[in-house]
file input.cif (mmCIF, C-alpha atoms)
data_structure
loop_
_atom_site.label_atom_id
_atom_site.label_comp_id
_atom_site.auth_asym_id
_atom_site.auth_seq_id
_atom_site.Cartn_x
_atom_site.Cartn_y
_atom_site.Cartn_z
CA MET L 370 -108.69 -207.12 -15.48
CA ASP L 371 -104.91 -207.32 -15.79
CA LYS L 372 -105.22 -211.03 -15.08
CA VAL L 373 -107.65 -211.39 -17.98
CA LEU L 374 -105.16 -209.76 -20.36
CA ALA L 375 -102.25 -211.72 -18.89
CA VAL L 376 -103.69 -215.06 -19.98
CA MET L 377 -104.22 -213.92 -23.59
CA PRO L 378 -101.67 -215.21 -26.14
CA ARG L 379 -98.66 -213.06 -27.11
CA TYR L 380 -96.50 -212.89 -30.20
CA GLU L 381 -93.43 -215.11 -30.40
CA ALA L 382 -90.78 -212.37 -30.51
CA TYR L 383 -90.66 -208.69 -29.49
CA LYS L 384 -88.34 -205.75 -30.08
CA ASP L 385 -87.86 -202.32 -28.53
CA SER L 386 -89.93 -199.79 -30.49
CA GLY L 387 -87.84 -196.83 -29.36
CA VAL L 388 -91.09 -195.03 -28.54
CA GLU L 389 -91.94 -194.58 -24.87
CA TRP L 390 -95.70 -195.01 -25.11
CA LEU L 391 -95.35 -198.11 -27.32
CA GLY L 392 -92.67 -199.98 -25.38
CA GLU L 393 -91.93 -203.38 -26.94
CA ILE L 394 -93.79 -204.36 -30.10
CA PRO L 395 -93.91 -207.63 -32.10
CA GLU L 396 -90.71 -208.29 -34.05
CA HIS L 397 -92.41 -208.16 -37.45
CA TRP L 398 -94.36 -204.92 -36.80
CA GLN L 399 -93.08 -201.53 -37.93
CA VAL L 400 -92.97 -198.13 -36.25
CA ARG L 401 -94.48 -195.54 -38.60
CA ARG L 402 -95.12 -191.83 -38.37
CA ILE L 403 -98.68 -190.87 -39.21
CA LYS L 404 -97.46 -188.58 -42.00
CA THR L 405 -95.98 -191.62 -43.83
CA LEU L 406 -99.51 -193.04 -44.09
CA SER L 407 -101.07 -189.82 -45.35
CA MET L 408 -100.44 -186.11 -45.48
CA ILE L 409 -102.21 -184.29 -42.64
CA LYS L 410 -104.49 -181.40 -43.61
CA ARG L 411 -106.69 -179.02 -41.67
CA GLY L 412 -110.31 -178.19 -42.25
CA ALA L 413 -111.52 -174.73 -43.21
CA SER L 414 -114.42 -172.41 -42.37
CA PRO L 415 -116.43 -170.01 -44.50
CA ARG L 416 -116.06 -166.49 -43.06
CA PRO L 417 -117.83 -164.97 -41.24
CA ILE L 418 -119.14 -168.23 -39.90
CA ASP L 419 -122.45 -166.75 -38.73
CA ASP L 420 -123.40 -165.55 -42.23
CA PRO L 421 -126.77 -167.22 -43.02
CA ARG L 422 -125.78 -167.52 -46.71
CA TYR L 423 -123.51 -170.40 -45.76
CA PHE L 424 -126.26 -172.57 -44.27
CA SER L 425 -129.25 -174.41 -45.71
CA GLU L 426 -131.52 -177.12 -44.29
CA LYS L 427 -131.48 -178.72 -47.75
CA GLY L 428 -127.68 -178.66 -48.00
CA GLU L 429 -125.83 -181.72 -49.26
CA TYR L 430 -123.05 -181.50 -46.67
CA SER L 431 -123.52 -181.42 -42.91
CA TRP L 432 -121.56 -178.85 -40.89
CA VAL L 433 -119.43 -180.40 -38.15
CA ARG L 434 -118.83 -178.52 -34.92
CA ILE L 435 -116.66 -179.72 -32.03
CA ALA L 436 -119.86 -180.35 -30.06
CA ASP L 437 -121.06 -182.78 -32.74
CA VAL L 438 -117.90 -184.85 -32.38
CA SER L 439 -118.00 -184.65 -28.57
CA ALA L 440 -121.59 -185.95 -28.58
CA ASN L 441 -120.82 -188.98 -30.76
CA GLU L 442 -118.77 -192.11 -30.20
CA HIS L 443 -116.79 -193.78 -32.98
CA TYR L 444 -119.07 -192.68 -35.84
CA LEU L 445 -120.54 -189.36 -36.92
CA ASN L 446 -124.11 -190.02 -38.06
CA CYS L 447 -125.64 -186.55 -37.97
CA THR L 448 -125.04 -182.89 -37.09
CA LYS L 449 -127.37 -180.05 -36.16
CA GLU L 450 -126.69 -177.92 -39.25
CA LYS L 451 -126.05 -178.24 -42.99
CA LEU L 452 -124.07 -175.98 -45.27
CA SER L 453 -125.38 -174.38 -48.43
CA ARG L 454 -123.56 -175.05 -51.69
CA LEU L 455 -121.65 -171.79 -51.17
CA GLY L 456 -120.73 -172.69 -47.57
CA ALA L 457 -119.53 -176.16 -48.57
CA SER L 458 -117.37 -174.69 -51.34
CA LEU L 459 -115.48 -172.66 -48.73
CA SER L 460 -114.89 -175.54 -46.31
CA VAL L 461 -113.27 -179.00 -46.50
CA LYS L 462 -115.47 -181.91 -47.58
CA ILE L 463 -115.31 -185.28 -45.85
CA GLN L 464 -116.85 -188.38 -47.43
CA PRO L 465 -118.43 -191.35 -45.60
CA GLY L 466 -115.74 -193.69 -44.28
CA GLN L 467 -113.12 -190.97 -43.74
CA ILE L 468 -111.56 -190.38 -40.34
CA PHE L 469 -110.79 -186.96 -38.87
CA LEU L 470 -109.45 -185.73 -35.54
CA SER L 471 -110.33 -182.76 -33.33
CA ILE L 472 -107.45 -180.45 -32.45
CA ALA L 473 -109.58 -177.96 -30.46
CA GLY L 474 -112.21 -178.32 -27.76
CA THR L 475 -112.26 -182.08 -27.15
CA VAL L 476 -108.63 -182.28 -28.25
CA GLY L 477 -107.46 -185.51 -29.81
CA LYS L 478 -110.84 -187.18 -30.25
CA PRO L 479 -111.06 -189.23 -33.48
CA ILE L 480 -114.26 -189.97 -35.36
CA ILE L 481 -115.21 -191.75 -38.57
CA SER L 482 -117.86 -190.05 -40.65
CA LYS L 483 -120.88 -191.98 -41.89
CA ILE L 484 -122.19 -188.92 -43.75
CA ARG L 485 -121.01 -186.31 -46.21
CA CYS L 486 -119.87 -183.39 -44.09
CA CYS L 487 -117.57 -180.38 -43.91
CA ILE L 488 -115.00 -179.71 -41.19
CA HIS L 489 -113.48 -176.43 -39.98
CA ASP L 490 -109.89 -175.73 -38.94
CA GLY L 491 -110.48 -177.23 -35.49
CA PHE L 492 -110.01 -180.62 -37.16
CA VAL L 493 -107.34 -182.43 -39.18
CA TYR L 494 -107.96 -185.23 -41.67
CA PHE L 495 -105.99 -187.78 -43.69
CA PRO L 496 -106.81 -187.44 -47.41
CA GLU L 497 -104.32 -190.09 -48.64
CA LEU L 498 -105.02 -192.80 -46.08
CA LYS L 499 -105.41 -196.07 -47.99
CA ASP L 500 -105.62 -198.51 -45.08
CA ASN L 501 -108.73 -199.25 -43.04
CA PRO L 502 -109.39 -196.11 -40.94
CA GLU L 503 -110.74 -198.28 -38.12
CA PHE L 504 -107.22 -199.26 -37.04
CA ILE L 505 -106.05 -195.63 -36.91
CA TYR L 506 -109.25 -194.77 -35.03
CA ARG L 507 -108.46 -197.38 -32.37
CA VAL L 508 -104.90 -196.07 -32.02
CA PHE L 509 -106.05 -192.49 -31.46
CA GLU L 510 -108.94 -193.63 -29.24
CA THR L 511 -106.51 -194.74 -26.54
CA GLY L 512 -105.16 -191.20 -26.13
CA GLN L 513 -101.71 -192.72 -25.62
CA PRO L 514 -100.11 -191.32 -28.81
CA TYR L 515 -100.53 -187.81 -27.41
CA LEU L 516 -98.48 -188.46 -24.27
CA GLY L 517 -95.73 -185.87 -23.96
CA LEU L 518 -97.15 -183.60 -26.68
CA GLY L 519 -98.64 -181.13 -24.20
CA LYS L 520 -96.63 -179.11 -21.73
CA HIS L 521 -97.07 -180.07 -18.10
CA GLY L 522 -100.09 -178.37 -16.57
CA THR L 523 -101.38 -177.05 -19.91
CA GLN L 524 -104.02 -178.25 -22.32
CA LEU L 525 -102.92 -180.62 -25.06
CA ASN L 526 -102.12 -178.67 -28.23
CA LEU L 527 -102.30 -180.50 -31.57
CA ASN L 528 -101.75 -179.31 -35.12
CA SER L 529 -100.98 -180.86 -38.50
CA GLU L 530 -97.28 -181.15 -37.69
CA THR L 531 -97.61 -182.71 -34.25
CA VAL L 532 -100.22 -185.20 -35.48
CA GLY L 533 -98.08 -186.08 -38.50
CA ASN L 534 -95.04 -186.79 -36.32
CA ILE L 535 -96.88 -189.17 -33.98
CA ARG L 536 -95.28 -192.62 -34.13
CA ILE L 537 -97.48 -195.70 -33.90
CA ALA L 538 -97.03 -199.47 -34.02
CA TYR L 539 -97.95 -200.60 -37.53
CA PRO L 540 -98.79 -204.28 -38.07
CA PRO L 541 -99.30 -205.94 -41.48
CA VAL L 542 -102.62 -204.98 -43.08
CA SER L 543 -103.98 -208.54 -42.64
CA GLU L 544 -103.35 -208.35 -38.89
CA GLN L 545 -104.94 -204.91 -38.73
CA GLY L 546 -108.18 -206.49 -39.92
CA GLU L 547 -107.95 -209.16 -37.22
CA ILE L 548 -107.31 -206.53 -34.55
CA ILE L 549 -110.27 -204.45 -35.75
CA SER L 550 -112.63 -207.45 -35.71
CA PHE L 551 -111.42 -208.50 -32.26
CA LEU L 552 -111.83 -205.02 -30.78
CA ASP L 553 -115.24 -204.47 -32.40
CA ARG L 554 -116.47 -207.68 -30.81
CA LYS L 555 -114.94 -207.15 -27.39
CA THR L 556 -115.71 -203.44 -27.04
CA THR L 557 -119.32 -204.07 -28.04
CA GLN L 558 -119.60 -206.58 -25.19
CA ILE L 559 -118.02 -204.11 -22.76
CA ASP L 560 -120.24 -201.22 -23.95
CA GLN L 561 -123.33 -203.41 -23.51
CA ALA L 562 -122.26 -204.25 -19.95
CA ILE L 563 -121.75 -200.53 -19.26
CA GLN L 564 -125.21 -199.73 -20.66
CA VAL L 565 -126.76 -202.30 -18.30
CA LYS L 566 -124.99 -200.70 -15.35
CA GLU L 567 -126.06 -197.20 -16.44
CA LYS L 568 -129.67 -198.33 -16.74
CA GLN L 569 -129.48 -199.81 -13.23
CA ILE L 570 -128.16 -196.47 -11.93
CA THR L 571 -131.03 -194.63 -13.65
CA LEU L 572 -133.57 -196.99 -12.08
CA LEU L 573 -131.98 -196.59 -8.64
CA LYS L 574 -132.08 -192.78 -8.93
CA GLU L 575 -135.73 -192.93 -10.01
CA ARG L 576 -136.47 -195.20 -7.07
CA LYS L 577 -134.78 -192.71 -4.74
CA HIS L 578 -136.80 -189.78 -6.16
CA ILE L 579 -140.06 -191.70 -5.70
CA LEU L 580 -139.09 -192.74 -2.18
CA ILE L 581 -138.39 -189.14 -1.16
CA GLN L 582 -141.48 -187.74 -2.86
CA ASN L 583 -143.83 -190.28 -1.24
CA ALA L 584 -142.26 -190.01 2.21
CA VAL L 585 -142.29 -186.19 2.44
CA THR L 586 -145.84 -185.80 1.08
CA ARG L 587 -147.62 -188.97 2.26
CA GLY L 588 -145.78 -189.98 5.43
CA LEU L 589 -144.78 -193.49 6.48
CA ASP L 590 -148.11 -195.01 7.55
CA PRO L 591 -149.87 -196.57 4.52
CA ALA L 592 -153.07 -197.08 6.55
CA VAL L 593 -153.50 -193.44 7.62
CA PRO L 594 -156.66 -191.68 6.31
CA MET L 595 -155.87 -189.32 3.39
CA LYS L 596 -157.33 -186.08 2.06
CA ASP L 597 -156.80 -183.81 -0.90
CA SER L 598 -154.23 -181.15 0.00
CA GLY L 599 -155.62 -178.71 -2.55
CA VAL L 600 -152.05 -178.11 -3.78
CA ASP L 601 -151.18 -179.46 -7.22
CA TRP L 602 -147.57 -180.41 -6.55
CA ILE L 603 -148.43 -182.18 -3.28
CA GLY L 604 -151.59 -184.15 -4.08
CA GLU L 605 -153.12 -186.25 -1.30
CA ILE L 606 -151.75 -185.98 2.25
CA PRO L 607 -152.53 -187.61 5.61
CA ALA L 608 -155.80 -186.22 6.98
CA HIS L 609 -154.11 -184.70 10.08
CA TRP L 610 -151.49 -182.80 8.03
CA LEU L 611 -151.98 -179.19 6.92
CA THR L 612 -150.59 -176.91 4.22
CA SER L 613 -149.29 -173.39 4.62
CA ARG L 614 -147.84 -170.52 2.67
CA SER L 615 -144.06 -170.80 2.71
CA LYS L 616 -143.65 -167.31 4.19
CA TRP L 617 -145.27 -168.45 7.46
CA LEU L 618 -142.73 -171.28 7.84
CA PHE L 619 -139.57 -169.54 6.58
CA LEU L 620 -138.81 -165.84 6.95
CA GLN L 621 -136.26 -164.01 4.84
CA ARG L 622 -133.12 -163.11 6.81
CA ARG L 623 -132.07 -159.53 6.05
CA GLU L 624 -129.07 -159.08 8.35
CA LYS L 625 -125.87 -157.74 6.81
CA ALA L 626 -122.64 -159.64 7.33
CA LYS L 627 -120.67 -159.27 10.53
CA LYS L 628 -116.94 -158.56 10.46
CA SER L 629 -116.27 -161.95 12.02
CA ASP L 630 -118.34 -163.88 9.45
CA GLU L 631 -116.58 -166.48 7.32
CA GLN L 632 -117.47 -166.63 3.61
CA LEU L 633 -119.79 -169.58 2.90
CA THR L 634 -120.51 -171.40 -0.36
CA ALA L 635 -123.84 -173.03 -1.24
CA SER L 636 -123.36 -176.37 -2.97
CA GLN L 637 -125.91 -178.97 -4.03
CA LYS L 638 -123.41 -181.66 -3.16
CA TYR L 639 -122.29 -180.43 0.26
CA GLY L 640 -124.96 -177.97 1.41
CA VAL L 641 -123.79 -174.59 2.72
CA ILE L 642 -120.22 -174.86 3.97
CA PRO L 643 -117.18 -172.58 4.44
CA GLN L 644 -115.63 -171.60 1.11
CA GLN L 645 -112.21 -172.92 2.06
CA LYS L 646 -113.64 -176.32 3.00
CA PHE L 647 -115.65 -176.42 -0.22
CA MET L 648 -112.58 -175.68 -2.35
CA ALA L 649 -110.61 -178.39 -0.53
CA LEU L 650 -113.36 -180.98 -1.11
CA GLU L 651 -113.47 -180.03 -4.80
CA GLY L 652 -109.69 -180.05 -5.13
CA ARG L 653 -109.65 -176.40 -6.21
CA LYS L 654 -107.45 -173.51 -5.20
CA VAL L 655 -108.90 -171.06 -2.69
CA THR L 656 -109.56 -167.74 -4.39
CA GLN L 657 -109.77 -164.64 -2.26
CA VAL L 658 -112.71 -162.54 -3.44
CA ASP L 659 -112.82 -158.94 -2.29
CA LEU L 660 -116.57 -158.54 -1.70
CA ASN L 661 -118.22 -155.40 -0.44
CA PRO L 662 -119.39 -156.21 3.13
CA GLU L 663 -122.44 -154.04 2.49
CA ILE L 664 -123.85 -156.63 0.05
CA LEU L 665 -122.90 -159.72 2.07
CA LYS L 666 -125.66 -161.36 4.07
CA HIS L 667 -125.37 -162.97 7.46
CA VAL L 668 -126.41 -166.62 7.77
CA SER L 669 -126.94 -168.53 11.01
CA ALA L 670 -126.49 -172.24 11.53
CA ASN L 671 -129.70 -174.12 10.65
CA ASP L 672 -130.80 -171.51 8.11
CA PHE L 673 -131.70 -172.53 4.57
CA VAL L 674 -130.25 -170.72 1.56
CA ILE L 675 -131.83 -170.20 -1.89
CA SER L 676 -129.52 -169.80 -4.87
CA MET L 677 -131.09 -167.02 -6.96
CA ARG L 678 -128.88 -167.13 -10.05
CA SER L 679 -129.09 -170.73 -11.23
CA PHE L 680 -131.78 -172.71 -9.47
CA GLN L 681 -131.56 -176.45 -10.12
CA GLY L 682 -133.33 -177.78 -7.07
CA GLY L 683 -130.84 -176.29 -4.65
CA ILE L 684 -132.35 -174.83 -1.52
CA GLU L 685 -129.51 -175.80 0.71
CA HIS L 686 -129.32 -176.33 4.48
CA CYS L 687 -126.63 -174.48 6.41
CA LEU L 688 -124.75 -176.02 9.33
CA TYR L 689 -122.43 -173.04 9.85
CA GLU L 690 -122.64 -169.40 10.84
CA GLY L 691 -121.13 -167.00 8.33
CA CYS L 692 -122.06 -164.89 5.33
CA VAL L 693 -123.14 -165.37 1.73
CA SER L 694 -123.14 -163.05 -1.27
CA SER L 695 -126.12 -161.25 -2.73
CA ALA L 696 -126.62 -164.21 -5.06
CA TYR L 697 -128.33 -166.06 -2.18
CA VAL L 698 -131.42 -165.58 -0.03
CA PRO L 699 -131.09 -166.84 3.56
CA LEU L 700 -134.25 -168.32 5.11
CA ILE L 701 -134.99 -168.49 8.85
CA PRO L 702 -136.92 -171.63 9.84
CA GLN L 703 -139.77 -170.93 12.26
CA GLU L 704 -140.96 -173.15 15.12
CA ASN L 705 -141.68 -176.84 14.55
CA ILE L 706 -139.33 -177.06 11.57
CA HIS L 707 -137.10 -180.15 11.56
CA ALA L 708 -134.42 -179.15 9.05
CA PRO L 709 -133.55 -182.66 7.72
CA TYR L 710 -137.20 -183.24 6.75
CA PHE L 711 -137.40 -179.98 4.81
CA LYS L 712 -134.01 -180.62 3.27
CA TYR L 713 -135.49 -183.70 1.62
CA LEU L 714 -138.76 -181.95 0.80
CA PHE L 715 -136.85 -179.21 -1.03
CA LYS L 716 -134.99 -181.92 -2.99
CA SER L 717 -138.15 -183.73 -4.09
CA GLN L 718 -138.62 -183.53 -7.83
CA ARG L 719 -142.19 -182.21 -7.76
CA TYR L 720 -141.26 -179.40 -5.37
CA ILE L 721 -138.34 -178.44 -7.61
CA GLU L 722 -140.67 -178.30 -10.63
CA ALA L 723 -143.22 -176.25 -8.68
CA LEU L 724 -140.60 -173.70 -7.63
CA GLN L 725 -139.11 -173.48 -11.12
CA SER L 726 -142.58 -172.84 -12.55
CA THR L 727 -142.79 -169.58 -10.58
CA SER L 728 -139.87 -168.05 -12.48
CA ASN L 729 -138.63 -167.53 -16.03
CA LEU L 730 -135.14 -168.30 -14.72
CA VAL L 731 -134.37 -171.10 -17.17
CA ARG L 732 -135.75 -169.26 -20.20
CA ASP L 733 -134.89 -165.62 -19.57
CA GLY L 734 -132.17 -165.59 -16.93
CA GLN L 735 -134.58 -164.05 -14.41
CA ALA L 736 -133.37 -164.29 -10.82
CA LEU L 737 -135.20 -166.52 -8.37
CA ARG L 738 -136.34 -164.44 -5.42
CA TYR L 739 -137.88 -164.92 -1.99
CA GLU L 740 -141.22 -163.98 -3.54
CA ASN L 741 -140.97 -167.03 -5.83
CA PHE L 742 -140.31 -169.24 -2.83
CA CYS L 743 -143.37 -167.81 -1.08
CA MET L 744 -145.60 -168.74 -4.02
CA VAL L 745 -145.17 -172.49 -3.41
CA ASP L 746 -147.21 -173.94 -0.54
CA LEU L 747 -145.51 -176.20 1.99
CA LEU L 748 -146.66 -178.87 4.43
CA ILE L 749 -147.25 -178.57 8.16
CA VAL L 750 -146.29 -181.97 9.57
CA PRO L 751 -146.05 -182.90 13.28
CA VAL L 752 -142.42 -182.58 14.35
CA GLU L 753 -142.19 -186.19 15.55
CA GLU L 754 -143.28 -187.36 12.10
CA GLN L 755 -140.82 -185.02 10.39
CA LEU L 756 -138.06 -186.63 12.44
CA LYS L 757 -139.14 -190.21 11.60
CA ILE L 758 -139.51 -189.39 7.90
CA ALA L 759 -136.05 -187.82 7.75
CA VAL L 760 -134.45 -190.84 9.46
CA TYR L 761 -136.31 -193.23 7.15
CA ILE L 762 -135.22 -191.37 4.01
CA GLU L 763 -131.64 -191.15 5.24
CA GLN L 764 -131.46 -194.90 5.88
CA LYS L 765 -133.06 -195.87 2.58
CA SER L 766 -131.10 -193.28 0.59
CA THR L 767 -127.82 -194.47 2.08
CA LYS L 768 -128.48 -198.00 0.83
CA ILE L 769 -129.47 -196.75 -2.63
CA ASN L 770 -126.46 -194.42 -2.80
CA LYS L 771 -124.14 -197.32 -1.94
CA ALA L 772 -125.68 -199.39 -4.74
CA ILE L 773 -125.27 -196.47 -7.17
CA THR L 774 -121.64 -195.99 -6.12
CA LEU L 775 -120.96 -199.71 -6.62
CA HIS L 776 -122.38 -199.60 -10.15
CA GLN L 777 -120.39 -196.43 -10.91
CA GLN L 778 -117.18 -198.11 -9.72
CA GLN L 779 -117.94 -201.13 -11.89
CA ILE L 780 -118.51 -198.84 -14.88
CA GLU L 781 -115.15 -197.15 -14.30
CA ARG L 782 -113.41 -200.53 -14.10
CA LEU L 783 -115.09 -201.62 -17.35
CA LYS L 784 -113.95 -198.40 -19.04
CA GLU L 785 -110.42 -198.90 -17.74
CA TYR L 786 -110.44 -202.48 -18.99
CA LYS L 787 -111.70 -201.34 -22.40
CA ALA L 788 -108.95 -198.72 -22.69
CA THR L 789 -106.27 -201.22 -21.62
CA LEU L 790 -107.61 -203.87 -24.01
CA ILE L 791 -107.57 -201.47 -26.98
CA ASN L 792 -104.08 -200.23 -26.16
CA SER L 793 -102.78 -203.77 -25.70
CA ALA L 794 -104.21 -204.84 -29.05
CA VAL L 795 -102.93 -201.91 -31.14
CA THR L 796 -99.44 -202.11 -29.63
CA GLY L 797 -99.14 -205.90 -29.96
CA LYS L 798 -99.05 -206.73 -26.26
CA ILE L 799 -101.69 -209.38 -26.93
CA LYS L 800 -102.24 -211.59 -29.98
CA VAL L 801 -105.85 -211.50 -31.11
CA ALA L 802 -105.82 -214.43 -33.53
#
call {"tool": "encode", "arguments": {"input": "input.cif", "output": "structure tokens"}}
result
Amino acid sequence: MDKVLAVMPRYEAYKDSGVEWLGEIPEHWQVRRIKTLSMIKRGASPRPIDDPRYFSEKGEYSWVRIADVSANEHYLNCTKEKLSRLGASLSVKIQPGQIFLSIAGTVGKPIISKIRCCIHDGFVYFPELKDNPEFIYRVFETGQPYLGLGKHGTQLNLNSETVGNIRIAYPPVSEQGEIISFLDRKTTQIDQAIQVKEKQITLLKERKHILIQNAVTRGLDPAVPMKDSGVDWIGEIPAHWLTSRSKWLFLQRREKAKKSDEQLTASQKYGVIPQQKFMALEGRKVTQVDLNPEILKHVSANDFVISMRSFQGGIEHCLYEGCVSSAYVPLIPQENIHAPYFKYLFKSQRYIEALQSTSNLVRDGQALRYENFCMVDLLIVPVEEQLKIAVYIEQKSTKINKAITLHQQQIERLKEYKATLINSAVTGKIKVA
């Protein structure tokens, strides 16, 4: 990518900008503070903001929240709410074509409105800006102007003053138009390439879900005689397979923690592993939690663990002996259970949906319990077939995961190239015409 930019034409002469993030800029460009282009003003909110008098579905002005800006790229086309005439009179009105900038939440994100809207004091705007806002948008989009404005190790903090004092490279207005046209064309091409990669990732993930679902419920022999399982989420199964209530295959472990037990963490990404190892893999600091040993539960290696508080398909397999908090239910596999097979079965999309349907967890915050697990029937599959199915899924999934990782890496490189291209164009490192 650097090679691509290196062969692009440059301006004839450069000078030191005196600004660290800008470096050298073309000789005929200026360095301008944002406040010399326009005064910087903050939005405003009607108070109290939850008063229904301030909102109306028929309102003329949309109400912009930080989430609305975070969910959009480049342009704001819609929001979830509209203000009443009273609400709009107590806020700050933005017209189509105006640019504003978040200074809270997604700090530093610029957006150009395509609608009439109102902004609160988590945003600043530029009421006197006469130039094309697209150039200023591209400058802020890089994130580079904010370098050094936040203290090390703390969140970036912007306000009207800090935004106004930001210094940018300012080319002649005619060149700004050329830069905007160039970046619109090039970034559209890059975004389209990213969309293709994202679609390929989606298709690969769907393929993986189908592969797992078919393998764990139908086996690997396409010629085997089939029968109706009598279970909605399973459908047809090989004629020699059986179904069973979950409680006959997995018992609930009720042992309290032992003094020697290490604290374990259940993770969809890593399974059930020691807390310290989990924190290291996630790059987090280890936090010592003083838990009452009376509510800790013992877990043995090869157990499965249900997360009761926020079930998202995560019945995790445990490779370690230790203890878990009361937020988990340990399960003891009975005879003829090959753990890798059931690990994949519990990750199959239709099983996840079947288990979720037994609880109001998503809607009402109800805890998922062992009784919910027992309500979903499972399969009794010969152990030798369980082993073959698990190996097959592992091999196929590894190939699919590698393909997904490759596409993800390519997406990251495209995003890096896009950011570098934009920064190079708005600071004059490349000549676009």
call {"tool": "resolve_selection", "arguments": {"input": "input.cif", "expression": "the PyMOL selection byres ((chain L and resi 427) around 12)", "output": "list in words"}}
result
Tyr423, Phe424, Ser425, Glu426, Gly428, Glu429, Tyr430, Ser431, Glu450, Lys451, Leu452, Ser453 and Arg454 of chain L
call {"tool": "resolve_selection", "arguments": {"input": "input.cif", "expression": "the PyMOL selection byres ((chain L and resi 446) around 9)", "output": "PyMOL selection string"}}
result
chain L and resi 441+444-445+447-448+482-484
call {"tool": "atom_distance", "arguments": {"input": "input.cif", "atom1": "CA of Leu748 in chain L", "atom2": "CA of Thr612 in chain L"}}
result
4.4 Å
call {"tool": "atom_distance", "arguments": {"input": "input.cif", "atom1": "CA of Pro709 in chain L", "atom2": "CA of Arg738 in chain L"}}
result
22.6 Å
call {"tool": "atom_distance", "arguments": {"input": "input.cif", "atom1": "CA of Thr789 in chain L", "atom2": "CA of Lys499 in chain L"}}
result
26.9 Å
call {"tool": "residues_around", "arguments": {"input": "input.cif", "residues": "Ile675 in chain L", "least_positions_apart": "3", "cutoff": "9 Å", "atoms": "all atoms listed in the file", "output": "number ranges by chain"}}
result
L: 635, 680, 683-685, 696-700, 737-739, 742
call {"tool": "closest_atom_pairs", "arguments": {"input": "input.cif", "of": "range 707-752 of chain L", "to": "range 564-586 of chain L", "cutoff": "12 Å", "atoms": "only C-alpha atoms", "output": "tab-separated table"}}
result
residue	atom	partner	partner_atom	distance
L:Pro709	CA	L:Val585	CA	10.8
L:Tyr710	CA	L:Val585	CA	7.3
L:Phe711	CA	L:Val585	CA	8.3
L:Lys712	CA	L:Val585	CA	10.0
L:Tyr713	CA	L:Ile581	CA	6.8
L:Leu714	CA	L:Val585	CA	5.8
L:Phe715	CA	L:Val585	CA	9.5
L:Lys716	CA	L:Ile581	CA	8.2
L:Ser717	CA	L:Gln582	CA	5.4
L:Gln718	CA	L:His578	CA	6.7
L:Arg719	CA	L:Gln582	CA	7.4
L:Tyr720	CA	L:Gln582	CA	8.7
L:Ile721	CA	L:Gln582	CA	10.9
L:Leu747	CA	L:Thr586	CA	9.6
L:Leu748	CA	L:Thr586	CA	7.7
L:Ile749	CA	L:Thr586	CA	10.2
L:Val750	CA	L:Val585	CA	9.2
L:Pro751	CA	L:Val585	CA	11.9
call {"tool": "residues_around", "arguments": {"input": "input.cif", "residues": "Val508 in chain L", "least_positions_apart": "6", "cutoff": "9 Å", "atoms": "all atoms listed in the file", "output": "list of chain:residue names"}}
result
L:Pro514, L:Ile537, L:Ala538, L:Ile791, L:Asn792, L:Val795, L:Thr796
call {"tool": "resolve_selection", "arguments": {"input": "input.cif", "expression": "the PyMOL selection byres ((chain L and resi 802) around 7)", "output": "PDB file with C-alpha atoms, in the coordinates of the input"}}
result
ATOM      1  CA  GLU L 547    -107.950-209.160 -37.220  1.00  0.00           C
ATOM      2  CA  LYS L 800    -102.240-211.590 -29.980  1.00  0.00           C
ATOM      3  CA  VAL L 801    -105.850-211.500 -31.110  1.00  0.00           C
TER       4      VAL L 801
END
call {"tool": "closest_residue", "arguments": {"input": "input.cif", "among": "L:Leu374, L:Leu527, L:Ile481, L:Val438", "to": "Ile409 in chain L", "atoms": "all atoms listed in the file"}}
result
L:Leu527
call {"tool": "residues_around", "arguments": {"input": "input.cif", "residues": "Leu618 in chain L", "least_positions_apart": "6", "cutoff": "8 Å", "atoms": "only C-alpha atoms", "output": "list in words"}}
result
Pro702, Gln703, Glu704 and Ile706 of chain L
call {"tool": "closest_residue", "arguments": {"input": "input.cif", "among": "L:Pro502, L:Gly533, L:Pro378, L:Pro594", "to": "Lys410 in chain L", "atoms": "only C-alpha atoms"}}
result
L:Gly533
call {"tool": "closest_residue", "arguments": {"input": "input.cif", "among": "L:Leu783, L:Met648, L:Val593, L:Leu406", "to": "Ile563 in chain L", "atoms": "all atoms listed in the file"}}
result
L:Leu783
call {"tool": "residues_near_point", "arguments": {"input": "input.cif", "point": "(-99.1, -186.6, -42.4)", "cutoff": "8 Å", "atoms": "all atoms listed in the file", "output": "JSON, numbers by chain"}}
result
{"L": [402, 403, 404, 405, 406, 407, 408, 409, 410, 495, 529, 530, 532, 533, 534]}
call {"tool": "residues_around", "arguments": {"input": "input.cif", "residues": "range 548-552 of chain L", "least_positions_apart": "5", "cutoff": "10 Å", "atoms": "all atoms listed in the file", "output": "PyMOL selection string"}}
result
chain L and resi 501-507+540+542-543+557-558+787+790-791+794-795+797+799-802
call {"tool": "closest_residue", "arguments": {"input": "input.cif", "among": "L:Val376, L:Ala436, L:Ile606, L:Val693", "to": "Asp630 in chain L", "atoms": "all atoms listed in the file"}}
result
L:Val693
